[in-house]
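With mmCIF, C-alpha atoms; chains and numbers go by the auth columns inside, this is start23.cif:
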data_model
#
loop_
_atom_site.group_PDB
_atom_site.id
_atom_site.type_symbol
_atom_site.label_atom_id
_atom_site.label_comp_id
_atom_site.label_asym_id
_atom_site.label_seq_id
_atom_site.Cartn_x
_atom_site.Cartn_y
_atom_site.Cartn_z
_atom_site.B_iso_or_equiv
_atom_site.auth_seq_id
_atom_site.auth_asym_id
ATOM 1 C CA MET A 1 42.862 -72.397 45.887 0.00 1 A
ATOM 2 C CA GLU A 2 44.659 -69.066 45.589 0.00 2 A
ATOM 3 C CA ALA A 3 48.147 -69.116 44.027 0.00 3 A
ATOM 4 C CA THR A 4 51.014 -68.096 46.300 0.00 4 A
ATOM 5 C CA PRO A 5 53.710 -65.614 45.191 0.00 5 A
ATOM 6 C CA LYS A 6 56.223 -68.509 44.843 0.00 6 A
ATOM 7 C CA ARG A 7 53.855 -70.435 42.580 0.00 7 A
ATOM 8 C CA LEU A 8 53.234 -67.311 40.505 0.00 8 A
ATOM 9 C CA ASP A 9 56.991 -66.817 40.097 0.00 9 A
ATOM 10 C CA LEU A 10 57.379 -70.443 39.021 0.00 10 A
ATOM 11 C CA TRP A 11 54.606 -70.177 36.434 0.00 11 A
ATOM 12 C CA CYS A 12 56.088 -66.946 35.093 0.00 12 A
ATOM 13 C CA LEU A 13 59.442 -68.687 34.709 0.00 13 A
ATOM 14 C CA VAL A 14 57.837 -71.640 32.883 0.00 14 A
ATOM 15 C CA LEU A 15 55.961 -69.327 30.535 0.00 15 A
ATOM 16 C CA LEU A 16 59.137 -67.328 29.902 0.00 16 A
ATOM 17 C CA VAL A 17 61.057 -70.497 28.980 0.00 17 A
ATOM 18 C CA ILE A 18 58.240 -71.649 26.655 0.00 18 A
ATOM 19 C CA PHE A 19 58.130 -68.229 24.974 0.00 19 A
ATOM 20 C CA ALA A 20 61.911 -68.142 24.559 0.00 20 A
ATOM 21 C CA PHE A 21 61.920 -71.642 23.029 0.00 21 A
ATOM 22 C CA ALA A 22 59.108 -70.765 20.630 0.00 22 A
ATOM 23 C CA THR A 23 60.916 -67.585 19.599 0.00 23 A
ATOM 24 C CA LEU A 24 64.132 -69.529 18.975 0.00 24 A
ATOM 25 C CA VAL A 25 62.351 -72.132 16.845 0.00 25 A
ATOM 26 C CA ASP A 26 60.559 -69.465 14.853 0.00 26 A
ATOM 27 C CA SER A 27 63.786 -67.530 14.263 0.00 27 A
ATOM 28 C CA GLN A 28 65.360 -70.621 12.769 0.00 28 A
ATOM 29 C CA GLN A 29 62.677 -70.910 10.087 0.00 29 A
ATOM 30 C CA PRO A 30 63.670 -69.231 6.809 0.00 30 A
ATOM 31 C CA ASP A 31 61.619 -66.367 5.477 0.00 31 A
ATOM 32 C CA SER A 32 60.909 -68.070 2.166 0.00 32 A
ATOM 33 C CA THR A 33 58.233 -65.694 0.872 0.00 33 A
ATOM 34 C CA GLY A 34 58.711 -65.316 -2.863 0.00 34 A
ATOM 35 C CA TYR A 35 61.318 -68.083 -3.087 0.00 35 A
ATOM 36 C CA MET A 36 61.388 -70.624 -5.908 0.00 36 A
ATOM 37 C CA ASN A 37 63.366 -73.779 -5.070 0.00 37 A
ATOM 38 C CA ILE A 38 63.389 -76.267 -7.927 0.00 38 A
ATOM 39 C CA ASP A 39 65.033 -79.682 -7.792 0.00 39 A
ATOM 40 C CA CYS A 40 65.457 -80.617 -11.431 0.00 40 A
ATOM 41 C CA GLY A 41 64.819 -84.262 -12.266 0.00 41 A
ATOM 42 C CA LEU A 42 62.950 -84.882 -9.004 0.00 42 A
ATOM 43 C CA THR A 43 60.216 -87.501 -9.380 0.00 43 A
ATOM 44 C CA ASP A 44 58.467 -86.714 -6.075 0.00 44 A
ATOM 45 C CA PRO A 45 56.288 -83.575 -5.899 0.00 45 A
ATOM 46 C CA SER A 46 58.334 -81.893 -3.159 0.00 46 A
ATOM 47 C CA TYR A 47 60.407 -82.299 0.009 0.00 47 A
ATOM 48 C CA SER A 48 61.805 -80.213 2.870 0.00 48 A
ATOM 49 C CA ASP A 49 65.558 -79.765 2.785 0.00 49 A
ATOM 50 C CA GLY A 50 67.033 -81.096 6.022 0.00 50 A
ATOM 51 C CA PHE A 51 69.627 -78.334 6.288 0.00 51 A
ATOM 52 C CA THR A 52 67.944 -75.158 5.047 0.00 52 A
ATOM 53 C CA LYS A 53 64.354 -76.223 5.945 0.00 53 A
ATOM 54 C CA LEU A 54 63.293 -74.822 2.576 0.00 54 A
ATOM 55 C CA THR A 55 60.748 -76.710 0.480 0.00 55 A
ATOM 56 C CA TYR A 56 62.024 -77.885 -2.898 0.00 56 A
ATOM 57 C CA VAL A 57 59.617 -78.844 -5.662 0.00 57 A
ATOM 58 C CA SER A 58 59.836 -80.925 -8.811 0.00 58 A
ATOM 59 C CA ASP A 59 60.542 -79.082 -12.066 0.00 59 A
ATOM 60 C CA ASP A 60 57.550 -80.688 -13.824 0.00 60 A
ATOM 61 C CA GLN A 61 55.480 -77.502 -13.453 0.00 61 A
ATOM 62 C CA PHE A 62 58.197 -75.337 -15.028 0.00 62 A
ATOM 63 C CA ILE A 63 59.065 -77.356 -18.136 0.00 63 A
ATOM 64 C CA ASP A 64 57.470 -80.195 -20.107 0.00 64 A
ATOM 65 C CA MET A 65 60.557 -81.440 -21.953 0.00 65 A
ATOM 66 C CA GLY A 66 63.614 -83.472 -21.040 0.00 66 A
ATOM 67 C CA VAL A 67 64.281 -86.683 -19.119 0.00 67 A
ATOM 68 C CA ASN A 68 64.683 -87.248 -15.368 0.00 68 A
ATOM 69 C CA ASN A 69 67.914 -88.925 -14.293 0.00 69 A
ATOM 70 C CA LYS A 70 69.838 -89.847 -11.140 0.00 70 A
ATOM 71 C CA ILE A 71 73.579 -89.343 -10.859 0.00 71 A
ATOM 72 C CA ALA A 72 75.731 -92.479 -10.574 0.00 72 A
ATOM 73 C CA SER A 73 75.652 -93.995 -7.078 0.00 73 A
ATOM 74 C CA LYS A 74 79.430 -93.624 -6.630 0.00 74 A
ATOM 75 C CA TYR A 75 79.031 -89.839 -6.763 0.00 75 A
ATOM 76 C CA ALA A 76 75.976 -89.678 -4.470 0.00 76 A
ATOM 77 C CA VAL A 77 78.174 -89.214 -1.406 0.00 77 A
ATOM 78 C CA LYS A 78 76.770 -88.713 2.078 0.00 78 A
ATOM 79 C CA ASP A 79 77.289 -84.947 2.369 0.00 79 A
ATOM 80 C CA LEU A 80 76.055 -84.096 -1.124 0.00 80 A
ATOM 81 C CA ILE A 81 73.017 -81.819 -1.070 0.00 81 A
ATOM 82 C CA SER A 82 69.764 -83.347 -2.281 0.00 82 A
ATOM 83 C CA GLN A 83 69.413 -80.975 -5.236 0.00 83 A
ATOM 84 C CA LEU A 84 72.486 -82.503 -6.900 0.00 84 A
ATOM 85 C CA LEU A 85 71.313 -86.122 -6.728 0.00 85 A
ATOM 86 C CA THR A 86 69.048 -85.793 -9.772 0.00 86 A
ATOM 87 C CA VAL A 87 69.239 -83.960 -13.087 0.00 87 A
ATOM 88 C CA ARG A 88 66.997 -83.272 -16.043 0.00 88 A
ATOM 89 C CA SER A 89 68.711 -83.745 -19.386 0.00 89 A
ATOM 90 C CA PHE A 90 67.722 -82.488 -22.829 0.00 90 A
ATOM 91 C CA SER A 91 68.849 -84.630 -25.746 0.00 91 A
ATOM 92 C CA ASN A 92 66.239 -83.174 -28.117 0.00 92 A
ATOM 93 C CA GLY A 93 66.085 -79.618 -29.385 0.00 93 A
ATOM 94 C CA THR A 94 68.650 -76.846 -29.565 0.00 94 A
ATOM 95 C CA ARG A 95 67.027 -74.665 -26.886 0.00 95 A
ATOM 96 C CA ASN A 96 65.101 -75.888 -23.835 0.00 96 A
ATOM 97 C CA CYS A 97 63.735 -73.335 -21.366 0.00 97 A
ATOM 98 C CA TYR A 98 62.399 -73.198 -17.809 0.00 98 A
ATOM 99 C CA THR A 99 59.713 -70.542 -17.290 0.00 99 A
ATOM 100 C CA LEU A 100 59.611 -68.854 -13.859 0.00 100 A
ATOM 101 C CA LYS A 101 56.224 -67.177 -13.557 0.00 101 A
ATOM 102 C CA SER A 102 54.284 -64.815 -11.260 0.00 102 A
ATOM 103 C CA LEU A 103 57.060 -62.241 -11.037 0.00 103 A
ATOM 104 C CA THR A 104 56.771 -58.462 -10.815 0.00 104 A
ATOM 105 C CA ALA A 105 57.825 -56.596 -13.933 0.00 105 A
ATOM 106 C CA GLY A 106 60.547 -54.050 -13.204 0.00 106 A
ATOM 107 C CA SER A 107 61.771 -55.839 -10.067 0.00 107 A
ATOM 108 C CA LYS A 108 65.244 -57.311 -9.588 0.00 108 A
ATOM 109 C CA TYR A 109 65.677 -61.009 -8.892 0.00 109 A
ATOM 110 C CA LEU A 110 68.578 -63.296 -8.133 0.00 110 A
ATOM 111 C CA VAL A 111 68.501 -66.506 -10.159 0.00 111 A
ATOM 112 C CA ARG A 112 70.812 -69.421 -9.288 0.00 112 A
ATOM 113 C CA ALA A 113 71.439 -72.449 -11.500 0.00 113 A
ATOM 114 C CA MET A 114 73.232 -75.560 -10.200 0.00 114 A
ATOM 115 C CA PHE A 115 74.886 -78.364 -12.122 0.00 115 A
ATOM 116 C CA MET A 116 76.721 -81.576 -11.282 0.00 116 A
ATOM 117 C CA TYR A 117 77.171 -84.121 -14.039 0.00 117 A
ATOM 118 C CA GLY A 118 77.777 -87.127 -11.765 0.00 118 A
ATOM 119 C CA ASP A 119 77.941 -89.454 -14.796 0.00 119 A
ATOM 120 C CA TYR A 120 74.134 -89.610 -14.828 0.00 120 A
ATOM 121 C CA ASP A 121 74.173 -91.053 -18.379 0.00 121 A
ATOM 122 C CA GLY A 122 76.956 -93.581 -17.807 0.00 122 A
ATOM 123 C CA LEU A 123 79.068 -92.075 -20.582 0.00 123 A
ATOM 124 C CA ASN A 124 81.642 -90.461 -18.274 0.00 124 A
ATOM 125 C CA LYS A 125 81.892 -87.620 -20.778 0.00 125 A
ATOM 126 C CA LEU A 126 81.423 -84.017 -19.698 0.00 126 A
ATOM 127 C CA PRO A 127 79.227 -81.919 -22.001 0.00 127 A
ATOM 128 C CA THR A 128 79.672 -78.244 -22.797 0.00 128 A
ATOM 129 C CA PHE A 129 76.611 -76.045 -23.292 0.00 129 A
ATOM 130 C CA ASP A 130 75.459 -72.447 -22.901 0.00 130 A
ATOM 131 C CA ILE A 131 73.022 -71.024 -20.367 0.00 131 A
ATOM 132 C CA GLN A 132 70.781 -68.142 -21.408 0.00 132 A
ATOM 133 C CA LEU A 133 68.465 -65.830 -19.507 0.00 133 A
ATOM 134 C CA GLY A 134 65.767 -65.199 -22.056 0.00 134 A
ATOM 135 C CA VAL A 135 67.640 -64.669 -25.326 0.00 135 A
ATOM 136 C CA ASN A 136 70.779 -63.299 -23.658 0.00 136 A
ATOM 137 C CA HIS A 137 73.922 -65.292 -22.893 0.00 137 A
ATOM 138 C CA TRP A 138 74.335 -65.890 -19.157 0.00 138 A
ATOM 139 C CA ASP A 139 77.131 -68.449 -18.733 0.00 139 A
ATOM 140 C CA THR A 140 78.720 -71.577 -20.200 0.00 140 A
ATOM 141 C CA PHE A 141 78.822 -74.939 -18.437 0.00 141 A
ATOM 142 C CA LYS A 142 82.237 -76.496 -18.836 0.00 142 A
ATOM 143 C CA ALA A 143 83.199 -78.593 -15.812 0.00 143 A
ATOM 144 C CA THR A 144 86.652 -80.132 -15.391 0.00 144 A
ATOM 145 C CA SER A 145 85.596 -83.258 -13.485 0.00 145 A
ATOM 146 C CA VAL A 146 82.600 -85.578 -13.201 0.00 146 A
ATOM 147 C CA ASP A 147 81.844 -84.568 -9.605 0.00 147 A
ATOM 148 C CA GLU A 148 82.546 -80.837 -9.936 0.00 148 A
ATOM 149 C CA ILE A 149 79.709 -78.629 -8.636 0.00 149 A
ATOM 150 C CA PHE A 150 79.058 -75.738 -11.003 0.00 150 A
ATOM 151 C CA ILE A 151 76.915 -72.863 -9.697 0.00 151 A
ATOM 152 C CA SER A 152 76.086 -69.692 -11.604 0.00 152 A
ATOM 153 C CA GLU A 153 74.152 -66.713 -10.241 0.00 153 A
ATOM 154 C CA ILE A 154 72.713 -63.684 -11.967 0.00 154 A
ATOM 155 C CA ILE A 155 70.874 -60.598 -10.704 0.00 155 A
ATOM 156 C CA THR A 156 68.508 -59.335 -13.353 0.00 156 A
ATOM 157 C CA THR A 157 65.514 -57.061 -13.796 0.00 157 A
ATOM 158 C CA ALA A 158 62.355 -58.781 -15.002 0.00 158 A
ATOM 159 C CA SER A 159 60.931 -57.032 -18.060 0.00 159 A
ATOM 160 C CA SER A 160 57.614 -58.871 -17.678 0.00 160 A
ATOM 161 C CA ASN A 161 55.946 -61.191 -15.164 0.00 161 A
ATOM 162 C CA TYR A 162 58.196 -64.137 -15.965 0.00 162 A
ATOM 163 C CA LEU A 163 61.815 -65.110 -16.643 0.00 163 A
ATOM 164 C CA GLN A 164 63.132 -67.930 -18.809 0.00 164 A
ATOM 165 C CA VAL A 165 66.293 -69.914 -18.103 0.00 165 A
ATOM 166 C CA CYS A 166 67.383 -71.762 -21.231 0.00 166 A
ATOM 167 C CA LEU A 167 69.953 -74.480 -21.923 0.00 167 A
ATOM 168 C CA ILE A 168 71.535 -74.285 -25.374 0.00 168 A
ATOM 169 C CA ASN A 169 72.833 -77.379 -27.163 0.00 169 A
ATOM 170 C CA LYS A 170 76.172 -76.652 -28.884 0.00 170 A
ATOM 171 C CA ASP A 171 76.622 -80.181 -30.262 0.00 171 A
ATOM 172 C CA GLN A 172 79.191 -80.826 -27.538 0.00 172 A
ATOM 173 C CA GLY A 173 77.163 -83.187 -25.384 0.00 173 A
ATOM 174 C CA THR A 174 73.672 -83.219 -23.860 0.00 174 A
ATOM 175 C CA PRO A 175 72.685 -80.190 -21.741 0.00 175 A
ATOM 176 C CA PHE A 176 71.376 -80.918 -18.224 0.00 176 A
ATOM 177 C CA ILE A 177 70.588 -79.087 -14.986 0.00 177 A
ATOM 178 C CA SER A 178 70.500 -80.123 -11.317 0.00 178 A
ATOM 179 C CA GLY A 179 68.718 -77.260 -9.588 0.00 179 A
ATOM 180 C CA LEU A 180 67.235 -73.821 -10.138 0.00 180 A
ATOM 181 C CA GLU A 181 66.467 -71.187 -7.525 0.00 181 A
ATOM 182 C CA LEU A 182 64.962 -67.704 -7.557 0.00 182 A
ATOM 183 C CA ARG A 183 65.023 -65.191 -4.732 0.00 183 A
ATOM 184 C CA PRO A 184 62.474 -62.370 -4.233 0.00 184 A
ATOM 185 C CA PRO A 185 62.917 -58.766 -5.376 0.00 185 A
ATOM 186 C CA THR A 186 65.850 -56.799 -4.038 0.00 186 A
ATOM 187 C CA SER A 187 66.506 -53.048 -4.167 0.00 187 A
ATOM 188 C CA ILE A 188 70.290 -53.315 -3.927 0.00 188 A
ATOM 189 C CA TYR A 189 72.818 -53.631 -6.771 0.00 189 A
ATOM 190 C CA ALA A 190 71.951 -50.445 -8.616 0.00 190 A
ATOM 191 C CA ALA A 191 74.120 -51.556 -11.538 0.00 191 A
ATOM 192 C CA ALA A 192 71.493 -54.164 -12.412 0.00 192 A
ATOM 193 C CA ASN A 193 68.772 -52.516 -14.466 0.00 193 A
ATOM 194 C CA SER A 194 66.531 -53.099 -17.458 0.00 194 A
ATOM 195 C CA THR A 195 69.506 -53.288 -19.834 0.00 195 A
ATOM 196 C CA HIS A 196 72.250 -54.749 -17.624 0.00 196 A
ATOM 197 C CA SER A 197 72.398 -57.879 -15.446 0.00 197 A
ATOM 198 C CA LEU A 198 75.085 -58.892 -12.934 0.00 198 A
ATOM 199 C CA VAL A 199 76.673 -62.339 -13.070 0.00 199 A
ATOM 200 C CA SER A 200 78.545 -63.518 -9.972 0.00 200 A
ATOM 201 C CA ALA A 201 82.282 -64.145 -10.266 0.00 201 A
ATOM 202 C CA ALA A 202 82.519 -66.173 -7.039 0.00 202 A
ATOM 203 C CA ARG A 203 80.820 -66.733 -3.701 0.00 203 A
ATOM 204 C CA LEU A 204 83.202 -67.397 -0.802 0.00 204 A
ATOM 205 C CA ASP A 205 82.638 -68.317 2.854 0.00 205 A
ATOM 206 C CA LEU A 206 86.089 -68.225 4.386 0.00 206 A
ATOM 207 C CA GLY A 207 86.691 -71.013 6.879 0.00 207 A
ATOM 208 C CA ALA A 208 83.674 -73.061 5.775 0.00 208 A
ATOM 209 C CA GLU A 209 83.904 -76.766 5.046 0.00 209 A
ATOM 210 C CA GLY A 210 82.058 -78.440 2.177 0.00 210 A
ATOM 211 C CA TYR A 211 79.366 -76.921 -0.021 0.00 211 A
ATOM 212 C CA VAL A 212 78.257 -73.420 0.997 0.00 212 A
ATOM 213 C CA ARG A 213 74.480 -73.056 0.956 0.00 213 A
#
As a first step, turn the structure in this file into structure tokens.
Amino acid sequence: MEATPKRLDLWCLVLLVIFAFATLVDSQQPDSTGYMNIDCGLTDPSYSDGFTKLTYVSDDQFIDMGVNNKIASKYAVKDLISQLLTVRSFSNGTRNCYTLKSLTAGSKYLVRAMFMYGDYDGLNKLPTFDIQLGVNHWDTFKATSVDEIFISEIITTASSNYLQVCLINKDQGTPFISGLELRPPTSIYAAANSTHSLVSAARLDLGAEGYVR
């Protein structure tokens, strides 16, 4: 049976709607090529974040030291992002390092470290410790409350095919970390080079409510 012009128009409309829907769905998927999304202290191999749709993996493949912990249930509030529900703590050793591999030497990367104490050890005592990128000082963790979210970002140039993020014990409590992320090479921020890195002062989304992803 030969299709009439009206039926052809209807099929064209249906196909157009299907194509538009598929395009919309695809545009909502993050371009995560080259991303590293690490949920520290996670006991499962991986999961898909319900908000960002990014896949987060356990930190087991990046470090073989430390202990997995969950924050206290009273701080695991409904709108808290999944990466802050668990931590890996390091009671042994002065320096414990995550190794981020398969990078391109000479390229710039953004590295983000996330921390929330959440009374994971039941001591209700905030530690203070240093964060290093390789052997260089990056930042110092010193929160003012148990449920404070501490995020530090650095843009750095990889001198080889890996970067190390290290937690330094200062005998002021046990170092820990909640999450670690790396974003693929960027050509912007000319001030970041082989001898200088850039550490963020603040990240603001004016008018936003809750944690900014």
Write out as a compact mmCIF listing (two decimals) with C-alpha atoms, in the coordinates of the input each polymer residue whose atoms come within 12 Å of Ile168 in chain A, counting only C-alpha atoms; drop sequence neighbours fewer than 3 positions from it.
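Here's the written file selection_31.txt:
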# COMPACT_ATOMS: atom_id res chain seq x y z
CA SER A 89 68.71 -83.74 -19.39
CA PHE A 90 67.72 -82.49 -22.83
CA SER A 91 68.85 -84.63 -25.75
CA ASN A 92 66.24 -83.17 -28.12
CA GLY A 93 66.08 -79.62 -29.38
CA THR A 94 68.65 -76.85 -29.56
CA ARG A 95 67.03 -74.67 -26.89
CA ASN A 96 65.10 -75.89 -23.84
CA CYS A 97 63.74 -73.33 -21.37
CA TYR A 98 62.40 -73.20 -17.81
CA PRO A 127 79.23 -81.92 -22.00
CA THR A 128 79.67 -78.24 -22.80
CA PHE A 129 76.61 -76.04 -23.29
CA ASP A 130 75.46 -72.45 -22.90
CA ILE A 131 73.02 -71.02 -20.37
CA GLN A 132 70.78 -68.14 -21.41
CA LEU A 133 68.46 -65.83 -19.51
CA GLY A 134 65.77 -65.20 -22.06
CA VAL A 135 67.64 -64.67 -25.33
CA ASN A 136 70.78 -63.30 -23.66
CA HIS A 137 73.92 -65.29 -22.89
CA TRP A 138 74.33 -65.89 -19.16
CA ASP A 139 77.13 -68.45 -18.73
CA THR A 140 78.72 -71.58 -20.20
CA PHE A 141 78.82 -74.94 -18.44
CA VAL A 165 66.29 -69.91 -18.10
CA ASP A 171 76.62 -80.18 -30.26
CA GLN A 172 79.19 -80.83 -27.54
CA GLY A 173 77.16 -83.19 -25.38
CA THR A 174 73.67 -83.22 -23.86
CA PRO A 175 72.68 -80.19 -21.74
CA PHE A 176 71.38 -80.92 -18.22
CA ILE A 177 70.59 -79.09 -14.99
Around all listed atoms of range 157-173 of chain A, padded 6 Å per side, what centre and edge lengths does the axis-aligned box have in Å to one decimal, as AutoDock Vina command-line options?
--center_x 67.6 --center_y -70.1 --center_z -22.0 --size_x 35.2 --size_y 38.2 --size_z 28.5
* CA of Tyr75 in chain A to CA of Thr52 in chain A, distance in Å rounded to a single decimal -> 21.9 Å
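The neighbours of Thr43 in chain A here are the residues that come within 10 Å of it, using all atoms listed in the file and leaving out any residue fewer than 6 positions away in the same chain; they are Val57, Ser58, Asp59, Asp60, Asn68, Asn69 and Thr86 of chain A.
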Tell me, as a PDB file with C-alpha atoms, in the coordinates of the input, which residues lie within 6 Å of Arg112 in chain A, counting all atoms listed in the file; anything in the same chain fewer than 3 positions away does not count.
ATOM      1  CA  SER A 152      76.086 -69.692 -11.604  1.00  0.00           C
ATOM      2  CA  GLU A 153      74.152 -66.713 -10.241  1.00  0.00           C
ATOM      3  CA  LEU A 180      67.235 -73.821 -10.138  1.00  0.00           C
ATOM      4  CA  GLU A 181      66.467 -71.187  -7.525  1.00  0.00           C
TER       5      GLU A 181
END
* **Atom pair CA of Asp121 in chain A / CA of Ser145 in chain A: separation (Å)** => 14.7 Å
* So how far away is CA of Asp39 in chain A from CA of Ile154 in chain A, in Å? -> 18.2 Å
